[in-house]
>>> print(open('entry.txt').read())   # compact mmCIF, C-alpha atoms
# COMPACT_ATOMS: atom_id res chain seq x y z
CA MET A 7 -11.82 11.66 20.81
CA PHE A 8 -13.00 8.12 21.41
CA VAL A 9 -10.25 6.10 23.13
CA TRP A 10 -10.17 2.51 24.32
CA LEU A 11 -7.82 -0.35 25.22
CA ARG A 12 -7.47 -3.52 23.22
CA ARG A 13 -4.92 -6.14 22.27
CA ASN A 14 -3.05 -5.14 19.14
CA LYS A 15 -2.83 -8.44 17.23
CA PHE A 16 -0.94 -6.90 14.29
CA ALA A 17 1.89 -5.41 16.36
CA HIS A 18 5.52 -5.77 15.33
CA GLN A 19 6.86 -9.06 16.65
CA ASN A 20 9.60 -7.24 18.61
CA GLN A 21 7.16 -4.91 20.30
CA SER A 22 6.53 -5.86 23.92
CA ILE A 23 3.45 -3.73 24.47
CA ASN A 24 0.38 -5.98 24.46
CA GLN A 25 -2.17 -3.43 25.48
CA GLU A 26 -2.15 0.02 23.92
CA ILE A 27 -4.28 3.13 23.97
CA MET A 28 -5.98 3.22 20.58
CA ARG A 29 -7.36 6.29 18.81
CA GLN A 30 -9.51 6.81 15.76
CA ILE A 31 -7.59 9.01 13.32
CA ALA A 32 -7.72 9.61 9.57
CA LEU A 33 -5.24 8.05 7.18
CA ARG A 34 -3.77 11.48 6.35
CA GLU A 35 -3.17 12.07 10.07
CA ALA A 36 -1.47 8.70 10.44
CA LEU A 37 0.89 9.51 7.57
CA ARG A 38 1.60 12.94 9.06
CA GLU A 39 2.38 11.47 12.48
CA ALA A 40 4.79 8.98 10.92
CA MET A 41 6.70 11.72 9.12
CA GLN A 42 6.71 14.04 12.13
CA GLU A 43 7.98 11.36 14.49
CA GLU A 44 10.76 10.33 12.13
CA MET A 45 11.79 13.92 11.40
CA ARG A 46 11.98 14.65 15.13
CA ARG A 47 14.02 11.49 15.67
CA ASP A 48 16.46 12.01 12.78
CA ASP A 49 17.43 15.43 11.43
CA LYS A 50 18.57 13.83 8.16
CA VAL A 51 14.93 13.15 7.21
CA PHE A 52 13.20 15.84 5.15
CA LEU A 53 10.06 16.18 2.98
CA MET A 54 9.85 17.68 -0.48
CA GLY A 55 7.21 17.89 -3.19
CA GLU A 56 4.65 20.11 -4.85
CA GLU A 57 2.64 22.19 -2.35
CA VAL A 58 3.83 20.22 0.69
CA ALA A 59 4.89 23.36 2.60
CA GLU A 60 2.99 26.63 2.20
CA TYR A 61 -0.23 24.93 1.09
CA ASN A 62 0.03 22.19 3.79
CA GLY A 63 -0.05 19.48 1.13
CA ALA A 64 -2.44 18.91 -1.75
CA TYR A 65 -4.31 16.43 0.47
CA LYS A 66 -3.33 18.10 3.77
CA VAL A 67 -1.08 15.22 4.72
CA SER A 68 1.76 17.61 5.62
CA GLN A 69 -0.44 20.15 7.40
CA GLY A 70 1.53 22.11 10.00
CA MET A 71 4.86 20.51 9.18
CA LEU A 72 6.38 23.67 7.67
CA ASP A 73 5.68 25.55 10.91
CA GLU A 74 7.39 22.85 12.98
CA PHE A 75 10.39 21.96 10.82
CA GLY A 76 11.00 25.04 8.68
CA GLU A 77 11.60 25.57 5.00
CA LYS A 78 14.89 23.65 4.89
CA ARG A 79 13.18 20.39 5.85
CA VAL A 80 9.72 20.85 4.30
CA ILE A 81 10.41 22.03 0.79
CA ASP A 82 8.03 23.22 -1.90
CA THR A 83 9.21 22.22 -5.37
CA PRO A 84 8.39 23.40 -8.88
CA ILE A 85 6.08 21.26 -11.02
CA ALA A 86 9.07 19.27 -12.24
CA GLU A 87 8.96 15.70 -10.93
CA LEU A 88 12.07 14.55 -12.79
CA GLY A 89 14.05 17.46 -11.37
CA PHE A 90 13.11 17.20 -7.70
CA ALA A 91 13.24 13.40 -7.73
CA GLY A 92 16.79 13.67 -9.04
CA ILE A 93 17.71 16.13 -6.29
CA ALA A 94 16.27 13.75 -3.69
CA VAL A 95 18.11 10.74 -5.09
CA GLY A 96 21.38 12.69 -4.95
CA ALA A 97 20.64 13.74 -1.39
CA ALA A 98 19.94 10.14 -0.38
CA GLN A 99 23.24 8.99 -1.87
CA ASN A 100 25.00 11.60 0.24
CA GLY A 101 23.65 10.59 3.63
CA LEU A 102 20.22 12.26 3.87
CA ARG A 103 16.84 10.49 4.00
CA PRO A 104 14.37 12.27 1.72
CA ILE A 105 10.63 11.72 1.59
CA VAL A 106 9.35 12.70 -1.85
CA GLU A 107 5.62 13.34 -2.25
CA PHE A 108 4.12 12.95 -5.70
CA MET A 109 0.73 14.62 -6.10
CA THR A 110 -0.25 11.36 -7.80
CA TRP A 111 1.77 8.35 -8.87
CA ASN A 112 0.55 9.05 -12.40
CA PHE A 113 3.00 11.97 -12.41
CA ALA A 114 5.83 9.70 -11.24
CA VAL A 115 6.28 8.32 -14.75
CA LEU A 116 8.25 11.52 -15.38
CA PRO A 117 11.02 10.72 -12.85
CA LEU A 118 11.02 7.00 -13.71
CA ASP A 119 14.56 7.39 -15.04
CA GLN A 120 15.78 8.48 -11.59
CA ILE A 121 13.84 5.69 -9.86
CA LEU A 122 14.66 2.87 -12.29
CA ASN A 123 18.14 3.75 -13.48
CA THR A 124 19.59 5.36 -10.37
CA ALA A 125 17.73 4.75 -7.09
CA SER A 126 17.05 1.04 -7.66
CA LYS A 127 20.46 0.18 -9.14
CA MET A 128 23.03 2.30 -7.33
CA LEU A 129 23.68 -0.15 -4.48
CA ALA A 130 24.40 -2.94 -6.95
CA MET A 131 26.39 -0.78 -9.37
CA SER A 132 28.57 0.61 -6.57
CA GLY A 133 29.33 -2.81 -5.12
CA GLY A 134 27.38 -2.02 -1.97
CA GLN A 135 29.20 1.25 -1.32
CA VAL A 136 26.43 3.76 -2.16
CA GLY A 137 22.85 3.20 -1.05
CA CYS A 138 19.71 5.22 -1.65
CA PRO A 139 17.53 5.44 1.50
CA ILE A 140 14.55 7.32 0.08
CA VAL A 141 10.75 7.13 0.24
CA PHE A 142 8.62 8.11 -2.74
CA ARG A 143 5.01 8.45 -1.61
CA GLY A 144 1.61 9.69 -2.76
CA PRO A 145 -1.86 8.57 -3.94
CA ASN A 146 -2.08 5.74 -6.44
CA GLY A 147 -4.77 4.38 -8.74
CA SER A 148 -8.16 5.79 -9.57
CA ALA A 149 -10.03 8.39 -7.53
CA GLY A 150 -13.33 8.63 -9.35
CA GLN A 151 -13.90 10.44 -12.62
CA LEU A 152 -10.39 11.75 -13.25
CA GLY A 153 -9.85 10.37 -16.73
CA ALA A 154 -7.40 7.86 -18.14
CA GLN A 155 -4.20 9.85 -17.47
CA HIS A 156 -4.86 10.19 -13.74
CA SER A 157 -6.23 6.73 -12.90
CA THR A 158 -3.45 4.16 -13.26
CA ALA A 159 -2.40 1.78 -10.48
CA PHE A 160 1.37 1.29 -10.45
CA GLU A 161 2.13 -1.41 -7.87
CA SER A 162 3.01 -4.11 -10.39
CA MET A 163 5.19 -1.79 -12.47
CA TYR A 164 7.45 -0.84 -9.57
CA ALA A 165 7.33 -4.32 -8.01
CA ASN A 166 8.93 -5.56 -11.23
CA ILE A 167 12.10 -3.53 -10.54
CA PRO A 168 14.80 -5.25 -8.46
CA GLY A 169 16.18 -3.00 -5.74
CA LEU A 170 12.86 -1.34 -4.89
CA LYS A 171 10.45 -2.14 -2.08
CA VAL A 172 6.76 -1.50 -2.76
CA ILE A 173 4.17 -0.82 -0.06
CA SER A 174 0.46 -0.20 -0.72
CA VAL A 175 -1.61 0.59 2.37
CA ALA A 176 -5.30 0.24 3.14
CA THR A 177 -5.70 1.57 6.72
CA PRO A 178 -4.33 4.30 9.00
CA TYR A 179 -2.71 1.62 11.18
CA GLU A 180 -0.75 0.21 8.26
CA ALA A 181 0.01 3.67 6.90
CA LYS A 182 1.75 4.91 10.04
CA GLY A 183 3.59 1.73 10.99
CA LEU A 184 4.82 0.97 7.50
CA LEU A 185 5.74 4.56 6.60
CA LYS A 186 7.95 4.74 9.68
CA ALA A 187 9.58 1.48 8.63
CA ALA A 188 10.02 2.77 5.09
CA ILE A 189 11.71 5.99 6.25
CA ARG A 190 14.18 3.99 8.33
CA ASP A 191 14.82 1.44 5.57
CA ASP A 192 18.11 1.68 3.69
CA ASP A 193 16.53 0.80 0.32
CA PRO A 194 14.33 2.99 -1.91
CA VAL A 195 10.67 2.44 -1.04
CA MET A 196 7.65 3.14 -3.23
CA PHE A 197 4.88 3.99 -0.76
CA MET A 198 1.44 3.99 -2.37
CA GLU A 199 -1.59 5.54 -0.73
CA CYS A 200 -5.14 6.26 -1.90
CA GLU A 201 -6.61 9.67 -2.61
CA VAL A 202 -10.18 8.69 -1.75
CA ALA A 203 -9.07 7.09 1.54
CA TYR A 204 -7.18 10.02 3.09
CA GLY A 205 -10.21 10.87 5.24
CA ASP A 206 -10.94 7.27 6.27
CA LYS A 207 -10.52 6.73 9.99
CA GLY A 208 -9.13 3.71 11.81
CA GLU A 209 -7.46 2.56 15.00
CA VAL A 210 -3.90 3.77 15.61
CA PRO A 211 -1.95 3.35 18.88
CA GLU A 212 -0.96 6.38 20.90
CA GLU A 213 2.46 4.86 21.51
CA GLU A 214 5.13 4.51 18.85
CA TYR A 215 5.10 1.33 16.77
CA ILE A 216 6.69 0.09 13.56
CA LEU A 217 5.32 -2.61 11.29
CA PRO A 218 7.60 -5.01 9.43
CA ILE A 219 7.91 -4.53 5.69
CA GLY A 220 7.02 -7.71 3.82
CA LYS A 221 4.33 -9.07 6.15
CA ALA A 222 0.69 -9.53 5.11
CA PHE A 223 -2.23 -9.23 7.54
CA VAL A 224 -5.16 -11.63 7.90
CA LYS A 225 -8.05 -9.19 8.26
CA ARG A 226 -10.85 -11.77 8.43
CA GLU A 227 -10.64 -15.47 9.16
CA GLY A 228 -12.57 -18.07 7.15
CA LYS A 229 -12.46 -21.66 5.95
CA ASP A 230 -14.10 -21.74 2.51
CA VAL A 231 -12.08 -19.44 0.26
CA THR A 232 -9.10 -17.06 0.51
CA ILE A 233 -9.50 -13.53 -0.86
CA VAL A 234 -6.29 -11.50 -1.22
CA SER A 235 -6.17 -7.76 -1.88
CA PHE A 236 -4.45 -4.48 -0.96
CA ASN A 237 -4.94 -0.70 -0.89
CA LYS A 238 -8.53 0.50 -1.49
CA MET A 239 -9.54 -2.81 -3.08
CA MET A 240 -9.53 -4.15 0.48
CA LYS A 241 -12.95 -2.52 0.82
CA ILE A 242 -14.14 -4.64 -2.10
CA ALA A 243 -12.61 -7.80 -0.64
CA LEU A 244 -14.10 -7.24 2.82
CA GLY A 245 -17.44 -6.16 1.33
CA ALA A 246 -17.57 -9.35 -0.71
CA ALA A 247 -16.78 -11.39 2.40
CA GLU A 248 -19.71 -9.76 4.19
CA GLU A 249 -22.07 -10.60 1.33
CA LEU A 250 -20.79 -14.17 1.12
CA ALA A 251 -21.26 -14.60 4.87
CA LYS A 252 -24.98 -13.97 4.40
CA GLU A 253 -25.05 -17.14 2.31
CA GLY A 254 -23.00 -19.17 4.76
CA ILE A 255 -19.68 -18.84 2.89
CA GLU A 256 -16.76 -18.01 5.18
CA ALA A 257 -14.05 -16.12 3.30
CA GLU A 258 -10.60 -15.52 4.74
CA VAL A 259 -9.41 -12.04 3.71
CA ILE A 260 -5.71 -11.16 3.50
CA ASP A 261 -4.33 -7.64 3.12
CA LEU A 262 -0.91 -7.80 1.43
CA ALA A 263 0.15 -4.27 2.51
CA THR A 264 3.61 -4.96 1.05
CA ILE A 265 3.80 -5.92 -2.62
CA ARG A 266 7.55 -6.40 -2.74
CA PRO A 267 8.84 -8.31 -0.85
CA LEU A 268 5.70 -10.41 -1.29
CA ASP A 269 4.45 -12.42 1.69
CA TRP A 270 3.25 -15.41 -0.34
CA VAL A 271 3.75 -17.74 2.65
CA THR A 272 0.79 -16.21 4.52
CA ILE A 273 -1.33 -16.70 1.39
CA LEU A 274 -0.16 -20.31 1.03
CA GLU A 275 -0.97 -21.13 4.66
CA SER A 276 -4.47 -19.76 4.13
CA VAL A 277 -4.93 -21.73 0.91
CA LYS A 278 -3.91 -24.91 2.72
CA LYS A 279 -6.98 -24.34 4.87
CA THR A 280 -9.48 -23.03 2.32
CA ASN A 281 -8.25 -24.75 -0.88
CA ARG A 282 -9.41 -21.83 -3.02
CA LEU A 283 -7.91 -18.46 -3.91
CA VAL A 284 -9.34 -15.26 -5.40
CA ILE A 285 -7.20 -12.12 -5.82
CA VAL A 286 -8.75 -8.66 -6.08
CA GLU A 287 -6.58 -5.79 -7.32
CA GLU A 288 -6.81 -2.48 -9.15
CA GLN A 289 -4.28 -3.47 -11.80
CA TRP A 290 -4.46 -4.22 -15.47
CA PRO A 291 -4.54 -8.02 -15.89
CA PHE A 292 -1.33 -8.60 -17.87
CA ALA A 293 1.78 -9.18 -15.69
CA SER A 294 -0.02 -7.93 -12.58
CA VAL A 295 0.46 -8.61 -8.86
CA SER A 296 -2.21 -11.31 -9.10
CA SER A 297 -0.24 -12.96 -11.90
CA GLU A 298 2.75 -13.36 -9.59
CA ILE A 299 0.60 -14.62 -6.70
CA ALA A 300 -1.16 -17.13 -8.93
CA TYR A 301 2.18 -18.45 -10.21
CA ARG A 302 3.67 -18.73 -6.74
CA ILE A 303 0.67 -20.47 -5.17
CA GLN A 304 0.24 -22.99 -7.98
CA LYS A 305 3.98 -23.73 -7.79
CA GLU A 306 4.19 -24.12 -4.02
CA GLY A 307 0.64 -25.21 -3.21
CA PHE A 308 -0.77 -26.98 -6.27
CA ASP A 309 -1.86 -30.06 -4.31
CA TYR A 310 -3.93 -27.90 -1.94
CA LEU A 311 -6.03 -26.25 -4.67
CA ASP A 312 -9.52 -27.57 -5.33
CA ALA A 313 -10.17 -24.97 -8.06
CA PRO A 314 -8.15 -22.74 -10.38
CA VAL A 315 -6.79 -19.51 -8.90
CA ARG A 316 -9.07 -16.69 -10.04
CA ARG A 317 -8.75 -12.92 -9.96
CA VAL A 318 -10.85 -9.78 -10.19
CA VAL A 319 -8.89 -6.97 -11.86
CA SER A 320 -9.42 -3.74 -13.75
CA ALA A 321 -10.37 -3.86 -17.42
CA ASP A 322 -7.51 -4.23 -19.89
CA ALA A 323 -7.99 -0.67 -21.16
CA PRO A 324 -7.54 2.95 -20.04
CA MET A 325 -10.14 4.07 -17.49
CA HIS A 326 -12.39 6.61 -19.15
CA TYR A 327 -14.27 9.51 -17.55
CA ALA A 328 -17.91 8.42 -17.94
CA PRO A 329 -19.29 7.01 -14.65
CA ASN A 330 -20.76 3.92 -16.31
CA LEU A 331 -17.33 3.14 -17.81
CA VAL A 332 -15.65 3.70 -14.44
CA ALA A 333 -18.02 1.15 -12.90
CA ALA A 334 -17.38 -1.31 -15.71
CA TYR A 335 -13.61 -0.84 -15.41
CA LEU A 336 -13.04 -1.37 -11.67
CA PRO A 337 -13.45 -4.48 -9.50
CA SER A 338 -16.63 -4.50 -7.41
CA VAL A 339 -18.31 -6.50 -4.67
CA PRO A 340 -20.77 -8.21 -7.07
CA LYS A 341 -17.95 -9.17 -9.46
CA THR A 342 -15.95 -10.61 -6.58
CA VAL A 343 -18.89 -12.53 -5.14
CA LYS A 344 -19.54 -14.01 -8.58
CA VAL A 345 -15.95 -15.22 -8.98
CA VAL A 346 -15.88 -16.70 -5.47
CA LYS A 347 -19.02 -18.69 -6.19
CA GLU A 348 -17.44 -19.93 -9.41
CA VAL A 349 -14.34 -21.27 -7.63
CA MET A 350 -16.67 -22.97 -5.15
CA TYR A 351 -18.62 -24.51 -8.03
CA LEU A 352 -21.86 -23.00 -6.80
CA LYS A 353 -24.75 -22.03 -9.07
CA LYS A 354 -24.51 -18.45 -10.25
>>> encode(input="entry.txt", output="structure tokens")
Amino acid sequence: MFVWLRRNKFAHQNQSINQEIMRQIALREALREAMQEEMRRDDKVFLMGEEVAEYNGAYKVSQGMLDEFGEKRVIDTPIAELGFAGIAVGAAQNGLRPIVEFMTWNFAVLPLDQILNTASKMLAMSGGQVGCPIVFRGPNGSAGQLGAQHSTAFESMYANIPGLKVISVATPYEAKGLLKAAIRDDDPVMFMECEVAYGDKGEVPEEEYILPIGKAFVKREGKDVTIVSFNKMMKIALGAAEELAKEGIEAEVIDLATIRPLDWVTILESVKKTNRLVIVEEQWPFASVSSEIAYRIQKEGFDYLDAPVRRVVSADAPMHYAPNLVAAYLPSVPKTVKVVKEVMYLKK
């Protein structure tokens, strides 16, 4: 395995290690390491979901965990999301720390009652006496030609619920550091991954680290325009920045990583420098994450804007199966480049 030393500029602010041994591992491996480390550290942490045990996980995220932790801590469930989510919520309210894997967040609409009406509200309804430290995790959004019922992105839906934290990761580094933080957090956390990115490799430290929930990352510095994104749309944002650089346009690219709480301050500081903002997300346009960002930046940074805030989002329709309709539905590098040029008042 290729190993090298470098300065870890995205490390947790309380972490004193400046130089770490970095490895290239896949996103699924980073998630697995996070769960293994936290389950070794705290015997109250356990994993449950469909096929997480005997089958090693539908996406092999939990591979080998049954052998290490046993069937009482890595639990295969029936195909009954409402049922096992309810069991996990009850366990969390009684002192355990469940990790619940959904095979896709599209199936998590079934246990929405447990998430919305119990997990998110119990701390408030009990006057602070009963919390719900639980992580719901799994792949979110589209993964190719899977049809309308398996292709919805849910960040904005869950971010609209007070009491929940929402994380949506793009890299193995974020996945491990933020999943560890989520497992230790005392609030319910919606942890959204990406099915088509489980095999993507990236740098992850050998040593333990935890990333702060609610902090965005500047992935590329620039002075002409700010592009904000998260999850697999980061590939679109960074790809657009590469294309724009060929024409002398320097885009600053920000990875939100956490949707709620939203780090709008990092976005604002970037806009103060670039004076333009484009948001790329795999959400439907109405009441989306980009809607909230646009409101916040125009409210707090109106005088810094030299152009209207623009966004590149999914089509306001279900995503159909046909490949040409998939391409028309999703954000892309050409669509993003076009919008950036429009906010810069350049010829199309």
>>> closest_residue(input="entry.txt", among="A:Leu116, A:Ala36, A:Ile27, A:Val284", to="Ala313 of chain A", atoms="all atoms listed in the file")
A:Val284
>>> atom_distance(input="entry.txt", atom1="atom CA of Leu274 of chain A", atom2="atom CA of Ser297 of chain A")
14.9 Å
>>> axis_aligned_box(input="entry.txt", around="segment 28-46 of chain A", padding_each_side="4 Å", output="lines of an AutoDock Vina configuration file")
center_x = 1.2
center_y = 8.9
center_z = 13.5
size_x = 29.5
size_y = 19.4
size_z = 22.2
>>> residues_around(input="entry.txt", residues="Lys66 of chain A", least_positions_apart="5", cutoff="10 Å", atoms="all atoms listed in the file", output="NGL selection string")
:A and (34-35 or 38 or 57-59 or 61 or 204)
>>> closest_residue(input="entry.txt", among="A:Glu213, A:Glu258, A:Glu161, A:Glu253", to="Gln289 of chain A", atoms="all atoms listed in the file")
A:Glu161
>>> residues_near_point(input="entry.txt", point="(8.0, 5.8, 15.0)", cutoff="8 Å", atoms="only C-alpha atoms", output="list in words")
Ala40, Glu43, Glu44, Gly183, Lys186, Ala187, Glu214, Tyr215 and Ile216 of chain A
>>> closest_residue(input="entry.txt", among="A:Asp119, A:Glu275, A:Glu107, A:Asp261", to="Phe197 of chain A", atoms="only C-alpha atoms")
A:Glu107
>>> closest_atom_pairs(input="entry.txt", of="segment 212-316 of chain A", to="segment 135-148 of chain A", cutoff="12 Å", atoms="all atoms listed in the file", output="JSON lines")
{"residue": "A:Phe236", "atom": "CA", "partner": "A:Gly147", "partner_atom": "CA", "distance": 11.8}
{"residue": "A:Asn237", "atom": "CA", "partner": "A:Asn146", "partner_atom": "CA", "distance": 9.0}
{"residue": "A:Lys238", "atom": "CA", "partner": "A:Gly147", "partner_atom": "CA", "distance": 9.0}
{"residue": "A:Met239", "atom": "CA", "partner": "A:Gly147", "partner_atom": "CA", "distance": 10.3}
{"residue": "A:Glu287", "atom": "CA", "partner": "A:Gly147", "partner_atom": "CA", "distance": 10.4}
{"residue": "A:Glu288", "atom": "CA", "partner": "A:Gly147", "partner_atom": "CA", "distance": 7.2}
{"residue": "A:Gln289", "atom": "CA", "partner": "A:Gly147", "partner_atom": "CA", "distance": 8.4}
{"residue": "A:Trp290", "atom": "CA", "partner": "A:Gly147", "partner_atom": "CA", "distance": 10.9}
>>> residues_around(input="entry.txt", residues="segment 75-79 of chain A", least_positions_apart="2", cutoff="9 Å", atoms="only C-alpha atoms", output="ChimeraX atom specification")
/A:42,45-46,49-54,59,70-73,81-82
>>> atom_distance(input="entry.txt", atom1="atom CA of Ala334 of chain A", atom2="atom CA of Ala203 of chain A")
20.9 Å
>>> closest_residue(input="entry.txt", among="A:Gly134, A:Leu250, A:Leu129, A:Ile273", to="Leu170 of chain A", atoms="all atoms listed in the file")
A:Leu129
>>> residues_around(input="entry.txt", residues="Ile219 of chain A", least_positions_apart="4", cutoff="9 Å", atoms="all atoms listed in the file", output="count of residues only")
9
>>> atom_distance(input="entry.txt", atom1="atom CA of Arg103 of chain A", atom2="atom CA of Ile189 of chain A")
7.2 Å
>>> closest_residue(input="entry.txt", among="A:Asn330, A:Lys347, A:Val224, A:Gln99", to="Gly254 of chain A", atoms="only C-alpha atoms")
A:Lys347
>>> closest_residue(input="entry.txt", among="A:His156, A:Lys221, A:Lys127, A:Arg302", to="Trp111 of chain A", atoms="only C-alpha atoms")
A:His156
>>> residues_near_point(input="entry.txt", point="(-4.9, -15.6, -11.0)", cutoff="6 Å", atoms="all atoms listed in the file", output="VMD selection string")
chain A and resid 296 to 297 300 315 to 317
>>> residues_around(input="entry.txt", residues="Glu298 of chain A", least_positions_apart="4", cutoff="12 Å", atoms="all atoms listed in the file", output="MDAnalysis selection string")
chainID A and resid 162 165:166 265:270 285 291:294 302:305 315 317
>>> build_atoms(input="entry.txt", residues="segment 251-276 of chain A", atoms="N, CA and C atoms", output="CSV table (one decimal), keeping the file's coordinate frame")
chain,number,residue,atom,x,y,z
A,251,ALA,N,-20.9,-14.1,3.5
A,251,ALA,CA,-21.3,-14.6,4.9
A,251,ALA,C,-22.8,-14.7,5.0
A,252,LYS,N,-23.5,-13.9,4.3
A,252,LYS,CA,-25.0,-14.0,4.4
A,252,LYS,C,-25.5,-15.3,3.8
A,253,GLU,N,-24.7,-15.9,2.9
A,253,GLU,CA,-25.0,-17.1,2.3
A,253,GLU,C,-24.3,-18.3,2.9
A,254,GLY,N,-23.7,-18.1,4.1
A,254,GLY,CA,-23.0,-19.2,4.8
A,254,GLY,C,-21.6,-19.5,4.2
A,255,ILE,N,-21.0,-18.6,3.4
A,255,ILE,CA,-19.7,-18.8,2.9
A,255,ILE,C,-18.7,-18.0,3.7
A,256,GLU,N,-17.7,-18.7,4.3
A,256,GLU,CA,-16.8,-18.0,5.2
A,256,GLU,C,-15.5,-17.7,4.4
A,257,ALA,N,-15.2,-16.5,4.0
A,257,ALA,CA,-14.0,-16.1,3.3
A,257,ALA,C,-13.0,-15.6,4.2
A,258,GLU,N,-11.7,-16.1,4.0
A,258,GLU,CA,-10.6,-15.5,4.7
A,258,GLU,C,-10.0,-14.4,3.9
A,259,VAL,N,-9.8,-13.2,4.5
A,259,VAL,CA,-9.4,-12.0,3.7
A,259,VAL,C,-8.0,-11.6,4.2
A,260,ILE,N,-7.1,-11.5,3.2
A,260,ILE,CA,-5.7,-11.2,3.5
A,260,ILE,C,-5.4,-9.8,2.8
A,261,ASP,N,-4.8,-8.9,3.6
A,261,ASP,CA,-4.3,-7.6,3.1
A,261,ASP,C,-2.8,-7.7,2.9
A,262,LEU,N,-2.3,-7.7,1.7
A,262,LEU,CA,-0.9,-7.8,1.4
A,262,LEU,C,-0.1,-6.7,2.1
A,263,ALA,N,-0.5,-5.4,2.0
A,263,ALA,CA,0.2,-4.3,2.5
A,263,ALA,C,1.5,-4.0,1.8
A,264,THR,N,2.3,-5.1,1.8
A,264,THR,CA,3.6,-5.0,1.0
A,264,THR,C,3.5,-5.8,-0.2
A,265,ILE,N,3.8,-5.2,-1.3
A,265,ILE,CA,3.8,-5.9,-2.6
A,265,ILE,C,5.1,-6.6,-2.9
A,266,ARG,N,6.2,-5.8,-2.6
A,266,ARG,CA,7.6,-6.4,-2.7
A,266,ARG,C,8.4,-6.0,-1.6
A,267,PRO,N,8.9,-6.9,-0.7
A,267,PRO,CA,8.8,-8.3,-0.8
A,267,PRO,C,7.4,-8.8,-0.6
A,268,LEU,N,7.0,-9.9,-1.3
A,268,LEU,CA,5.7,-10.4,-1.3
A,268,LEU,C,5.6,-11.5,-0.2
A,269,ASP,N,4.7,-11.4,0.7
A,269,ASP,CA,4.4,-12.4,1.7
A,269,ASP,C,3.5,-13.5,1.1
A,270,TRP,N,4.1,-14.3,0.2
A,270,TRP,CA,3.2,-15.4,-0.3
A,270,TRP,C,3.0,-16.6,0.6
A,271,VAL,N,3.9,-16.6,1.7
A,271,VAL,CA,3.8,-17.7,2.6
A,271,VAL,C,2.4,-17.6,3.4
A,272,THR,N,2.1,-16.4,3.8
A,272,THR,CA,0.8,-16.2,4.5
A,272,THR,C,-0.4,-16.6,3.6
A,273,ILE,N,-0.3,-16.3,2.3
A,273,ILE,CA,-1.3,-16.7,1.4
A,273,ILE,C,-1.4,-18.2,1.3
A,274,LEU,N,-0.2,-18.8,1.2
A,274,LEU,CA,-0.2,-20.3,1.0
A,274,LEU,C,-0.8,-21.0,2.3
A,275,GLU,N,-0.4,-20.5,3.4
A,275,GLU,CA,-1.0,-21.1,4.7
A,275,GLU,C,-2.5,-21.0,4.7
A,276,SER,N,-3.0,-19.9,4.2
A,276,SER,CA,-4.5,-19.8,4.1
A,276,SER,C,-5.1,-20.7,3.1
